[in-house]
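File shown: run.txt (compact mmCIF, C-alpha atoms).
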# COMPACT_ATOMS: atom_id res chain seq x y z
CA MET A 1 145.84 63.48 62.43
CA GLY A 2 148.98 61.60 61.57
CA VAL A 3 152.68 62.27 61.75
CA ALA A 4 154.61 60.94 58.79
CA GLY A 5 158.19 60.81 57.66
CA CYS A 6 159.47 63.39 60.12
CA GLN A 7 160.96 63.51 63.56
CA THR A 8 160.45 65.92 66.38
CA ALA A 9 163.37 68.31 66.77
CA PRO A 10 165.65 67.09 69.54
CA GLU A 11 165.49 70.39 71.40
CA LYS A 12 162.23 72.27 71.66
CA SER A 13 162.26 76.02 71.82
CA PRO A 14 160.45 77.35 74.90
CA THR A 15 156.70 77.33 74.47
CA ALA A 16 155.49 80.92 74.31
CA GLN A 17 152.01 82.28 74.66
CA VAL A 18 150.36 83.30 71.41
CA THR A 19 148.23 86.40 71.66
CA LEU A 20 146.03 86.76 68.62
CA GLN A 21 145.87 90.54 68.81
CA GLN A 22 149.64 91.06 68.51
CA ALA A 23 150.42 90.55 64.84
CA GLU A 24 149.16 91.67 61.45
CA MET A 25 147.30 89.11 59.44
CA ASN A 26 147.79 89.22 55.67
CA GLY A 27 147.03 85.77 54.25
CA PRO A 28 144.08 83.41 54.64
CA PHE A 29 146.03 81.03 56.90
CA ASP A 30 147.79 83.66 59.03
CA ARG A 31 147.37 83.59 62.78
CA ALA A 32 148.94 86.13 65.08
CA GLY A 33 152.18 85.03 66.66
CA PHE A 34 153.10 82.77 63.73
CA ARG A 35 154.91 83.11 60.44
CA VAL A 36 152.99 80.98 57.95
CA GLU A 37 154.35 79.84 54.59
CA GLU A 38 152.27 77.89 52.08
CA SER A 39 154.14 75.57 49.73
CA ASP A 40 152.83 72.70 47.60
CA GLY A 41 149.53 72.58 49.51
CA ARG A 42 151.29 72.38 52.88
CA LEU A 43 151.64 74.99 55.62
CA TRP A 44 154.84 75.69 57.49
CA VAL A 45 154.06 77.38 60.82
CA LEU A 46 156.87 79.00 62.75
CA LYS A 47 156.97 81.09 65.92
CA PRO A 48 159.35 84.05 66.17
CA GLY A 49 162.95 82.86 66.18
CA GLN A 50 162.16 79.48 64.61
CA GLU A 51 163.46 78.44 61.19
CA LYS A 52 162.46 75.58 58.90
CA SER A 53 164.29 72.34 59.52
CA SER A 54 164.47 68.95 57.83
CA ASN A 55 163.91 67.59 61.34
CA HIS A 56 160.25 68.57 61.80
CA VAL A 57 156.74 67.25 62.50
CA ALA A 58 153.98 67.03 59.92
CA LEU A 59 150.34 66.82 60.96
CA ILE A 60 148.74 65.35 57.86
CA GLY A 61 145.38 66.87 56.94
CA ALA A 62 145.10 68.71 60.28
CA GLY A 63 145.28 72.26 58.93
CA PRO A 64 142.79 74.58 57.32
CA GLN A 65 141.14 73.10 54.23
CA GLY A 66 142.68 69.72 55.09
CA MET A 67 146.24 70.96 54.54
CA THR A 68 149.24 69.29 56.14
CA VAL A 69 150.83 71.44 58.85
CA ARG A 70 154.60 71.37 59.30
CA ALA A 71 156.42 72.82 62.31
CA VAL A 72 159.72 72.38 64.14
CA ASP A 73 157.88 70.68 67.03
CA ARG A 74 154.45 69.29 67.81
CA ASP A 75 153.58 71.95 70.39
CA THR A 76 154.09 74.73 67.80
CA ALA A 77 151.82 72.96 65.31
CA LEU A 78 149.13 72.37 67.94
CA GLU A 79 149.29 75.99 69.19
CA TYR A 80 148.79 77.20 65.61
CA LEU A 81 145.77 74.93 65.18
CA ALA A 82 144.28 75.95 68.56
CA ALA A 83 144.75 79.73 68.16
CA ARG A 84 141.52 81.79 68.38
CA PRO A 85 140.90 85.54 68.59
CA GLY A 86 140.75 86.94 72.12
CA PHE A 87 142.63 84.10 73.81
CA ASN A 88 146.19 83.25 74.73
CA VAL A 89 146.90 79.60 74.02
CA GLU A 90 149.83 77.46 75.06
CA VAL A 91 150.38 73.76 74.52
CA GLN A 92 152.29 72.18 77.37
CA ASP A 93 152.91 68.43 77.43
CA GLY A 94 150.12 67.88 74.90
CA ARG A 95 147.58 69.82 76.97
CA LEU A 96 146.08 73.13 75.89
CA TRP A 97 146.05 76.10 78.24
CA VAL A 98 143.45 78.72 77.28
CA LEU A 99 143.64 82.12 78.95
CA LYS A 100 142.01 85.48 78.39
CA PRO A 101 144.41 88.44 78.14
CA GLY A 102 145.62 89.32 81.63
CA GLN A 103 145.02 85.84 83.07
CA GLU A 104 147.90 83.65 84.25
CA LYS A 105 148.13 79.89 84.69
CA SER A 106 147.29 78.62 88.15
CA GLY A 107 147.25 75.33 89.98
CA ASN A 108 143.58 76.08 90.67
CA HIS A 109 141.99 75.48 87.25
CA VAL A 110 139.51 73.32 85.36
CA ALA A 111 140.71 70.50 83.12
CA LEU A 112 138.37 69.22 80.43
CA ILE A 113 139.79 65.95 79.13
CA GLY A 114 139.54 65.61 75.35
CA ALA A 115 137.47 68.82 74.97
CA GLY A 116 140.13 70.84 73.12
CA PRO A 117 141.01 70.83 69.45
CA HIS A 118 142.41 67.53 68.20
CA GLY A 119 141.31 65.80 71.40
CA MET A 120 143.64 67.74 73.68
CA THR A 121 142.85 68.23 77.34
CA LEU A 122 141.78 71.84 77.75
CA ARG A 123 142.86 73.77 80.84
CA ALA A 124 141.42 77.15 81.85
CA LEU A 125 141.09 79.12 85.05
CA ASP A 126 137.33 78.56 85.03
CA ARG A 127 134.65 76.73 83.07
CA ASP A 128 133.24 79.94 81.55
CA THR A 129 136.64 80.78 79.98
CA ALA A 130 136.79 77.28 78.50
CA LEU A 131 133.20 77.60 77.26
CA GLU A 132 133.90 80.98 75.60
CA TYR A 133 137.00 79.56 73.90
CA LEU A 134 135.14 76.50 72.61
CA GLY A 135 132.17 78.65 71.55
CA THR A 136 134.19 81.20 69.57
CA LYS A 137 133.36 81.08 65.86
CA PRO A 138 134.25 83.42 63.00
CA GLY A 139 131.87 86.39 62.87
CA PHE A 140 130.57 85.93 66.42
CA GLN A 141 131.52 86.97 69.91
CA ALA A 142 130.94 84.37 72.61
CA LYS A 143 130.36 85.37 76.23
CA ALA A 144 129.79 82.79 78.94
CA LYS A 145 128.14 83.34 82.28
CA ASP A 146 127.14 80.64 84.73
CA GLY A 147 127.66 77.91 82.15
CA ARG A 148 125.45 79.52 79.49
CA LEU A 149 126.84 80.89 76.25
CA TRP A 150 125.66 84.13 74.66
CA VAL A 151 126.53 84.45 70.97
CA LEU A 152 126.48 87.91 69.41
CA LYS A 153 127.23 89.33 66.00
CA PRO A 154 129.16 92.63 65.84
CA GLY A 155 126.95 95.46 67.10
CA GLN A 156 124.57 93.21 69.04
CA GLU A 157 124.13 93.35 72.81
CA LYS A 158 122.54 90.95 75.28
CA SER A 159 118.81 91.43 75.68
CA GLY A 160 116.03 90.23 77.95
CA ASN A 161 114.18 89.29 74.76
CA HIS A 162 116.21 86.45 73.32
CA VAL A 163 116.09 82.89 72.07
CA ALA A 164 117.73 79.96 73.83
CA ARG A 165 118.61 76.45 72.71
CA ILE A 166 119.34 74.02 75.51
CA GLY A 167 122.31 71.67 75.18
CA VAL A 168 123.39 72.70 71.64
CA GLY A 169 126.58 74.54 72.63
CA PRO A 170 130.03 73.31 73.55
CA LEU A 171 130.08 71.03 76.59
CA SER A 172 126.28 70.65 76.09
CA SER A 173 125.74 74.24 77.18
CA THR A 174 122.68 76.38 76.59
CA VAL A 175 123.20 78.93 73.83
CA ARG A 176 121.44 82.30 73.86
CA ALA A 177 121.13 84.80 70.99
CA VAL A 178 119.16 88.02 70.45
CA ASP A 179 117.05 86.43 67.69
CA ALA A 180 116.41 83.16 65.86
CA GLU A 181 118.35 84.31 62.77
CA THR A 182 121.52 84.92 64.81
CA MET A 183 121.09 81.55 66.53
CA GLU A 184 120.73 79.65 63.24
CA GLU A 185 123.69 81.47 61.66
CA TYR A 186 125.87 80.68 64.68
CA LEU A 187 124.89 77.01 64.76
CA SER A 188 125.61 76.64 61.02
CA VAL A 189 129.19 78.04 61.24
CA GLN A 190 131.97 75.48 61.68
CA ASN A 191 135.07 76.27 63.80
What's the structure tokens form of this structure?
Amino acid sequence: MGVAGCQTAPEKSPTAQVTLQQAEMNGPFDRAGFRVEESDGRLWVLKPGQEKSSNHVALIGAGPQGMTVRAVDRDTALEYLAARPGFNVEVQDGRLWVLKPGQEKSGNHVALIGAGPHGMTLRALDRDTALEYLGTKPGFQAKAKDGRLWVLKPGQEKSGNHVARIGVGPLSSTVRAVDAETMEEYLSVQN
């Protein structure tokens, strides 16, 4: 991802947590906690209180469908790109904090260097939270326990009768699903 022809705003607004269950989503590029405007094949992403500026960053080709993402600062652009349902995300000094609702940052956490979107270091309170975040894909719920990832479609529940694929999940984790069809569908979906 490149930055071209723009500068980072001299003063960054405070980085706020983005909770994906807080806002209505109307357009194909909308993500809760952001105002998204599409113009000339580019996306402007703004957090509440932010306004477009000629002094902005542009992440070329980093957005959905290869679109350029523009924002008033790099952290805002990266938070937009890292946002996933069921997680609070915050970019701080180029590192991505991933928390489940109700969790708070702590000095006692895991740091996975380069494991986050766009090569960011991913920080979470525990490895299972990081694994669930990395394993979340559209149309599936990901639940991690003891370093193994269960993937479920809506309406499915964990079962003693299941299929498992060793080392195919994020961080080389084992992935479990209730049947082979669910497993293959999950593995074929891109984040």
Practice task
Give me, please, the distance in Å between atom CA of A:Leu78 and atom CA of A:Asn108, quoted to one decimal.
Solution key: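 Those two atoms sit 23.7 Å apart.
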Practice task
For atom CA of A:Thr182 and atom CA of A:Arg31, quote the distance in Å rounded to one decimal.
Solution key: 26.0 Å
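When only C-alpha atoms are used to compute distances to A:Leu46, the closest of the residues A:Thr76, A:Gly63, A:Asp30, A:Trp97 turns out to be A:Thr76.
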Exercise for the section: For atom CA of A:Leu134 and atom CA of A:Gly116, determine how far apart the two atoms are, in Å to one decimal place. Expected result: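 Separation between atom CA of A:Leu134 and atom CA of A:Gly116: 7.6 Å.
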Problem - Neighbour list for stretch 110-115 of chain A as a count of residues only, cut-off 8 Å, all atoms listed in the file, skip fewer than 2 positions in-chain - result: 13
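The shortest atom-to-atom distance to A:Tyr186, with all atoms listed in the file taken into account, belongs to A:Trp150 out of A:Trp150, A:Met67, A:His162, A:Ser172.
The list of residues with at least one atom within 10 Å of A:Tyr133, based on all atoms listed in the file and without residues fewer than 3 positions apart in the same chain, reads Ala82, Ala83, Arg84, Pro85, Gly86, Phe87, Asn88, Val89, Val98, Leu99, Lys100, Gly116, Leu122, Ala124, Arg127, Asp128, Thr129, Ala130, Thr136, Lys137, Ala142, Lys143, Ala144 and Pro170 of chain A.
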Practice task
Rank nothing, just name the residue among A:Pro28, A:Gly167, A:Gly94, A:Gly33 nearest to A:Gln65, using all atoms listed in the file.
Solution key: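 Nearest to A:Gln65: A:Pro28.
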Practice task
Tell me which of A:Glu185, A:Glu51, A:Asp93, A:Asp179 sits closest to A:Pro138, counting all atoms listed in the file.
Solution key: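 For A:Pro138, the nearest of the candidates is A:Glu185.
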Practice task
Counting only C-alpha atoms, write as an MDAnalysis selection string all protein and nucleic acid residues lying at most 6 Å from (155.1, 67.8, 58.6) in the file's frame.
Solution key: chainID A and resid 57:59 69:70
Exercise for the section: Extract, using all atoms listed in the file, all DNA, RNA and protein residues at most 9 Å from A:Val175, discarding same-chain residues fewer than 3 positions from it, and format them as number ranges by chain. Expected result: A: 148-151, 163-170, 183
Writing out the chosen residues with C-alpha atoms as a PDB file, in the frame of the given file:
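After the write, out03.pdb holds the following:
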ATOM      1  CA  ARG A 148     125.450  79.520  79.490  1.00  0.00           C
ATOM      2  CA  LEU A 149     126.840  80.890  76.250  1.00  0.00           C
ATOM      3  CA  TRP A 150     125.660  84.130  74.660  1.00  0.00           C
ATOM      4  CA  VAL A 151     126.530  84.450  70.970  1.00  0.00           C
ATOM      5  CA  VAL A 163     116.090  82.890  72.070  1.00  0.00           C
ATOM      6  CA  ALA A 164     117.730  79.960  73.830  1.00  0.00           C
ATOM      7  CA  ARG A 165     118.610  76.450  72.710  1.00  0.00           C
ATOM      8  CA  ILE A 166     119.340  74.020  75.510  1.00  0.00           C
ATOM      9  CA  GLY A 167     122.310  71.670  75.180  1.00  0.00           C
ATOM     10  CA  VAL A 168     123.390  72.700  71.640  1.00  0.00           C
ATOM     11  CA  GLY A 169     126.580  74.540  72.630  1.00  0.00           C
ATOM     12  CA  PRO A 170     130.030  73.310  73.550  1.00  0.00           C
ATOM     13  CA  MET A 183     121.090  81.550  66.530  1.00  0.00           C
TER      14      MET A 183
END
Exercise for the section: Place a sphere of radius 7 Å on (119.2, 89.3, 72.1) in the file coordinates and name every protein, DNA or RNA residue with an atom inside or on its surface, counting only C-alpha atoms; give the answer as a VMD selection string. Expected result: chain A and resid 157 to 162 177 to 179
